[in-house]
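One file, protein21.txt, carrying compact mmCIF, C-alpha atoms:
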```txt
# COMPACT_ATOMS: atom_id res chain seq x y z
CA MET A 22 26.82 123.79 220.70
CA GLU A 23 27.57 124.22 217.00
CA VAL A 24 26.37 126.92 214.63
CA GLN A 25 27.23 127.64 211.01
CA TYR A 26 26.66 130.67 208.79
CA GLU A 27 27.27 131.35 205.13
CA ILE A 28 29.16 134.49 204.07
CA GLN A 29 28.68 136.06 200.64
CA GLY A 30 31.78 137.52 199.04
CA GLY A 31 31.48 141.13 197.95
CA ASP A 32 28.24 141.80 199.84
CA PHE A 33 29.04 144.56 202.29
CA SER A 34 25.38 145.12 203.17
CA THR A 35 25.29 141.81 205.05
CA ALA A 36 28.92 141.69 206.21
CA GLY A 37 28.93 141.16 209.95
CA GLN A 38 25.64 139.28 210.23
CA ALA A 39 27.29 135.96 211.11
CA SER A 40 29.53 137.62 213.73
CA SER A 41 26.53 139.46 215.13
CA GLU A 42 24.52 136.23 215.52
CA ILE A 43 27.39 134.54 217.35
CA LYS A 44 27.94 137.58 219.59
CA LYS A 45 24.23 137.55 220.51
CA LEU A 46 24.46 133.83 221.33
CA LEU A 47 27.50 134.35 223.56
CA LYS A 48 25.79 137.19 225.43
CA GLN A 49 23.20 134.68 226.61
CA PHE A 50 25.85 132.75 228.51
CA ASN A 51 27.67 133.86 231.62
CA ILE A 52 30.84 134.98 229.79
CA ASP A 53 32.94 138.04 230.68
CA PRO A 54 31.70 140.85 228.35
CA GLN A 55 35.32 141.76 227.54
CA ILE A 56 35.93 138.23 226.25
CA VAL A 57 32.71 138.42 224.21
CA ARG A 58 33.93 141.72 222.75
CA ARG A 59 37.32 140.17 221.81
CA ILE A 60 35.58 137.24 220.10
CA ALA A 61 33.13 139.53 218.26
CA ILE A 62 35.93 141.74 216.94
CA ALA A 63 37.99 138.74 215.74
CA LEU A 64 34.96 137.18 214.03
CA PHE A 65 33.94 140.47 212.41
CA GLU A 66 37.46 141.08 211.06
CA ALA A 67 37.49 137.53 209.66
CA GLU A 68 34.03 137.95 208.13
CA VAL A 69 34.98 141.27 206.53
CA ASN A 70 38.07 139.57 205.07
CA VAL A 71 35.88 136.95 203.37
CA VAL A 72 33.50 139.62 202.04
CA ALA A 73 36.40 141.77 200.88
CA HIS A 74 38.53 139.10 199.23
CA ALA A 75 36.65 135.83 198.59
CA TYR A 76 33.75 134.58 196.47
CA LYS A 77 31.99 132.90 199.37
CA GLY A 78 32.72 131.37 202.73
CA ILE A 79 31.37 129.77 205.88
CA MET A 80 31.79 130.55 209.56
CA LYS A 81 31.48 127.56 211.88
CA ALA A 82 31.50 128.07 215.64
CA ASP A 83 31.66 125.42 218.33
CA ILE A 84 30.78 126.82 221.74
CA GLU A 85 31.99 124.66 224.63
CA PRO A 86 31.79 125.33 228.39
CA GLU A 87 35.36 126.65 228.55
CA SER A 88 36.03 127.99 225.06
CA ILE A 89 34.85 128.83 221.57
CA ARG A 90 36.45 127.41 218.43
CA VAL A 91 35.69 129.09 215.13
CA ILE A 92 36.60 128.09 211.59
CA VAL A 93 36.23 130.63 208.79
CA GLU A 94 36.79 128.97 205.44
CA ASP A 95 36.47 130.58 202.04
CA GLU A 96 36.67 129.92 198.34
CA GLY A 97 38.70 132.69 196.81
CA PRO A 98 42.09 133.82 195.60
CA GLY A 99 43.82 132.69 198.78
CA ILE A 100 46.87 134.37 200.32
CA GLU A 101 50.20 134.18 198.50
CA ASP A 102 52.39 135.10 201.46
CA ILE A 103 50.83 134.56 204.89
CA GLU A 104 53.79 136.05 206.77
CA LYS A 105 53.42 139.25 204.74
CA ALA A 106 49.62 139.28 205.23
CA MET A 107 50.15 139.18 209.00
CA GLU A 108 52.22 142.39 208.89
CA GLU A 109 50.40 145.54 210.02
CA GLY A 110 49.68 147.82 207.09
CA PHE A 111 50.00 145.21 204.33
CA SER A 112 46.79 144.94 202.30
CA THR A 113 45.61 143.87 198.86
CA ALA A 114 42.11 145.30 199.42
CA SER A 115 40.30 147.11 196.61
CA GLU A 116 39.32 150.77 196.64
CA ALA A 117 35.69 149.72 197.28
CA VAL A 118 36.74 147.89 200.44
CA ARG A 119 38.73 150.93 201.61
CA GLN A 120 35.70 153.14 201.08
CA MET A 121 33.82 150.94 203.54
CA GLY A 122 36.41 151.82 206.20
CA PHE A 123 38.46 148.63 205.94
CA GLY A 124 41.44 147.35 203.97
CA ALA A 125 44.11 149.11 206.00
CA GLY A 126 46.05 145.91 206.57
CA MET A 127 45.13 145.64 210.22
CA GLY A 128 42.54 142.84 210.17
CA LEU A 129 44.72 139.77 210.54
CA PRO A 130 47.05 141.30 213.17
CA ASN A 131 43.95 142.44 215.08
CA ILE A 132 42.48 138.93 214.97
CA LYS A 133 45.74 137.57 216.39
CA LYS A 134 45.61 140.15 219.18
CA ASN A 135 42.09 139.17 220.20
CA VAL A 136 42.24 135.36 220.17
CA ASP A 137 44.16 132.79 222.22
CA GLU A 138 45.00 130.52 219.26
CA MET A 139 45.05 131.32 215.56
CA ILE A 140 46.00 129.07 212.64
CA LEU A 141 45.87 130.55 209.14
CA THR A 142 46.36 128.35 206.08
CA SER A 143 45.78 129.11 202.43
CA VAL A 144 46.04 127.57 198.99
CA PRO A 145 46.54 130.35 196.43
CA GLY A 146 43.86 130.16 193.77
CA ARG A 147 41.59 128.02 195.97
CA GLY A 148 40.91 129.68 199.31
CA THR A 149 41.82 130.40 202.89
CA CYS A 150 41.08 128.70 206.21
CA LEU A 151 41.31 130.52 209.53
CA LYS A 152 40.98 128.61 212.79
CA MET A 153 40.61 130.51 216.05
CA LYS A 154 40.11 129.61 219.68
CA VAL A 155 39.25 131.84 222.63
CA LEU A 156 39.13 130.63 226.21
CA PHE A 157 36.32 131.91 228.45
CA MET B 1 26.98 164.08 229.46
CA THR B 2 23.59 162.86 228.30
CA LEU B 3 22.67 162.09 224.69
CA GLN B 4 20.52 165.23 224.53
CA GLN B 5 23.35 167.43 225.81
CA LEU B 6 25.79 165.85 223.35
CA SER B 7 23.38 166.33 220.47
CA ASN B 8 22.77 169.98 221.39
CA ILE B 9 26.52 170.70 221.48
CA VAL B 10 27.03 169.31 217.95
CA LYS B 11 23.78 170.90 216.65
CA GLY B 12 22.67 167.34 216.01
CA ASN B 13 19.52 165.49 215.19
CA ILE B 14 18.94 162.31 217.23
CA LEU B 15 17.87 159.56 214.82
CA HIS B 16 17.82 156.82 217.41
CA ASP B 17 17.68 157.21 221.16
CA PRO B 18 18.04 153.93 223.08
CA VAL B 19 15.92 153.75 226.20
CA LYS B 20 18.99 153.01 228.36
CA SER B 21 20.46 156.36 229.36
CA MET B 22 24.22 156.80 229.30
CA ASP B 23 26.71 159.24 230.76
CA TYR B 24 29.08 159.87 227.83
CA ARG B 25 32.65 160.68 228.87
CA HIS B 26 34.94 159.53 226.05
CA ALA B 27 35.04 159.76 222.25
CA PHE B 28 37.08 158.57 219.28
CA ALA B 29 37.03 160.13 215.81
CA SER B 30 37.80 158.02 212.76
CA ASP B 31 36.63 157.14 209.27
CA LEU B 32 38.71 153.97 209.40
CA MET B 33 36.68 151.19 210.97
CA SER B 34 39.81 149.01 211.19
CA ASP B 35 41.20 151.55 213.66
CA VAL B 36 38.00 151.54 215.70
CA LEU B 37 38.16 147.74 215.93
CA ARG B 38 41.80 147.86 216.91
CA PHE B 39 41.51 149.71 220.17
CA HIS B 40 39.60 149.00 223.33
CA MET B 41 36.96 151.69 223.45
CA ASP B 42 33.97 150.40 225.35
CA ASP B 43 31.41 153.11 226.08
CA ALA B 44 33.04 155.70 223.82
CA VAL B 45 31.22 157.90 221.31
CA LEU B 46 32.29 157.30 217.70
CA ILE B 47 32.58 160.50 215.63
CA THR B 48 32.82 159.65 211.95
CA GLY B 49 32.31 160.85 208.40
CA LEU B 50 31.68 157.28 207.23
CA SER B 51 27.96 156.72 206.99
CA THR B 52 27.51 153.07 206.05
CA ILE B 53 25.92 150.00 207.57
CA GLN B 54 29.45 148.88 208.48
CA THR B 55 29.83 151.93 210.72
CA VAL B 56 26.97 150.60 212.85
CA ARG B 57 28.27 147.00 212.68
CA THR B 58 31.66 148.21 213.91
CA ALA B 59 30.01 150.01 216.84
CA GLU B 60 28.04 146.85 217.64
CA MET B 61 31.16 144.67 217.70
CA SER B 62 33.19 147.20 219.72
CA ASN B 63 30.46 147.88 222.31
CA LEU B 64 30.20 151.55 221.31
CA PRO B 65 26.95 153.08 222.59
CA CYS B 66 26.77 156.15 220.34
CA ILE B 67 27.66 157.23 216.79
CA VAL B 68 27.78 160.85 215.63
CA VAL B 69 27.79 161.09 211.84
CA ALA B 70 29.43 164.29 210.63
CA ARG B 71 28.78 166.71 207.76
CA GLY B 72 25.08 165.90 207.59
CA LYS B 73 25.76 162.75 205.60
CA GLN B 74 22.76 160.69 204.58
CA ILE B 75 21.92 157.99 207.12
CA SER B 76 20.01 155.03 205.68
CA ASN B 77 16.98 153.37 207.23
CA GLU B 78 19.04 150.16 207.45
CA MET B 79 21.58 151.99 209.61
CA ILE B 80 18.86 153.30 211.91
CA ALA B 81 17.28 149.82 212.14
CA LEU B 82 20.60 148.16 212.99
CA ALA B 83 21.40 150.87 215.57
CA SER B 84 17.98 150.34 217.12
CA GLU B 85 18.41 146.55 217.21
CA ASN B 86 21.69 146.99 219.07
CA HIS B 87 20.63 149.89 221.33
CA ILE B 88 23.15 152.28 219.79
CA ALA B 89 22.37 156.00 219.82
CA LEU B 90 22.63 157.58 216.37
CA VAL B 91 23.10 161.32 215.90
CA SER B 92 23.42 163.26 212.66
CA SER B 93 25.40 166.51 212.84
CA PRO B 94 25.88 169.14 210.13
CA LEU B 95 29.34 169.96 211.55
CA THR B 96 32.67 168.50 210.40
CA VAL B 97 34.50 165.77 212.33
CA PHE B 98 36.99 168.44 213.42
CA GLU B 99 34.29 170.77 214.76
CA ILE B 100 32.37 168.00 216.52
CA SER B 101 35.56 166.75 218.17
CA GLY B 102 36.57 170.26 219.24
CA LYS B 103 33.19 171.14 220.70
CA LEU B 104 32.86 167.88 222.62
CA TYR B 105 36.43 168.19 223.92
CA MET B 106 35.74 171.74 225.10
CA ASN B 107 32.72 170.38 226.96
CA GLY B 108 34.70 167.79 228.88
CA ILE B 109 34.64 164.70 226.64
CA LYS B 110 38.03 162.95 226.81
CA PRO B 111 39.98 160.85 224.31
CA VAL B 112 39.72 157.08 224.75
CA TYR B 113 43.42 156.63 225.42
```
Now, as a test, write the supplied structure out as structure tokens.
Amino acid sequence: MEVQYEIQGGDFSTAGQASSEIKKLLKQFNIDPQIVRRIAIALFEAEVNVVAHAYKGIMKADIEPESIRVIVEDEGPGIEDIEKAMEEGFSTASEAVRQMGFGAGMGLPNIKKNVDEMILTSVPGRGTCLKMKVLF
Amino acid sequence: MTLQQLSNIVKGNILHDPVKSMDYRHAFASDLMSDVLRFHMDDAVLITGLSTIQTVRTAEMSNLPCIVVARGKQISNEMIALASENHIALVSSPLTVFEISGKLYMNGIKPVY
């Protein structure tokens, strides 16, 4: 089963809607609630990253019997140094993002903690692509 | 403790009361949603001074059943609607995060970890 949602950069009023829709879908299946929670948190962190840093993005999820694969791809400034971005506490978030309770440099490490596979690639000046997989 | 007991302790006003009753035992206080998302805190009460739609979204993603917003901060209709959609109790308290935490702790609510 495949679903796809658009994410608007800079729009904190709708940030989380795509993650919420996917979480609601997953709750309909017989999946351990703790695994659903891990997926929801990883998706939400990824969605907030797009809203906080990019111009626009998409979240594509492919739900299979044994796993979920998600691709979050954005058009934006990209990430100059991925290794640095994965460090806890490193952030380039704006003051506005921090006022929303994010931008503490914990999003990417938290995604890594909650998924079984994570591949992050980026072209500075063009955008970022995050691929995640969680086994049920 | 029940939602009504919790609300009374923090001199709160219940803005959304989900039908499903809960026995609240744990709480976490933070204005940083990244921290809330970072730790496993199913069934804990979130005490926060951050009153935005993202506060409710964070509770939804983290399976938190109750939010207490401190210092009488304005709570928008969108927040109440999202809390209602996700069966999250929403309480407004005129007290500070420090006072709410202290009172709930004194009444037996424990930290999440």
Proximal residues of chain A relative to chain B (all atoms listed in the file; 10 Å) as a PyMOL selection string: chain A and resi 33-38+40-41+44-45+54-55+57-66+69+119-128+130-132+134-135
Take every atom of range 57-72 of chain A listed in the file, pad by 5 Å on each side, and give me the axis-aligned box centre and edge lengths in Å, one decimal, as lines of an AutoDock Vina configuration file.
```
center_x = 35.4
center_y = 139.3
center_z = 213.1
size_x = 15.4
size_y = 14.8
size_z = 32.2
```
Neighbour residues at most 9 Å from (20.9, 162.7, 228.7) (all atoms listed in the file) as an NGL selection string: :B and (1-6 or 21-24)
Asn8 in chain B surroundings by all atoms listed in the file, 12 Å radius, close-in-sequence under 6 positions cut, as a ChimeraX atom specification: /B:1-2,14,68,91-95,100,103-104,107
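When the distance limit is 10 Å and only C-alpha atoms are what count, the residues near Thr96 in chain B, minus those fewer than 5 positions from it on the same chain, are Val10, Ile47, Thr48, Gly49, Val69, Ala70, Arg71, Gly72, Ser101 and Gly102 of chain B.
The coordinates place CA of Lys48 in chain A at 24.3 Å from CA of Glu94 in chain A.
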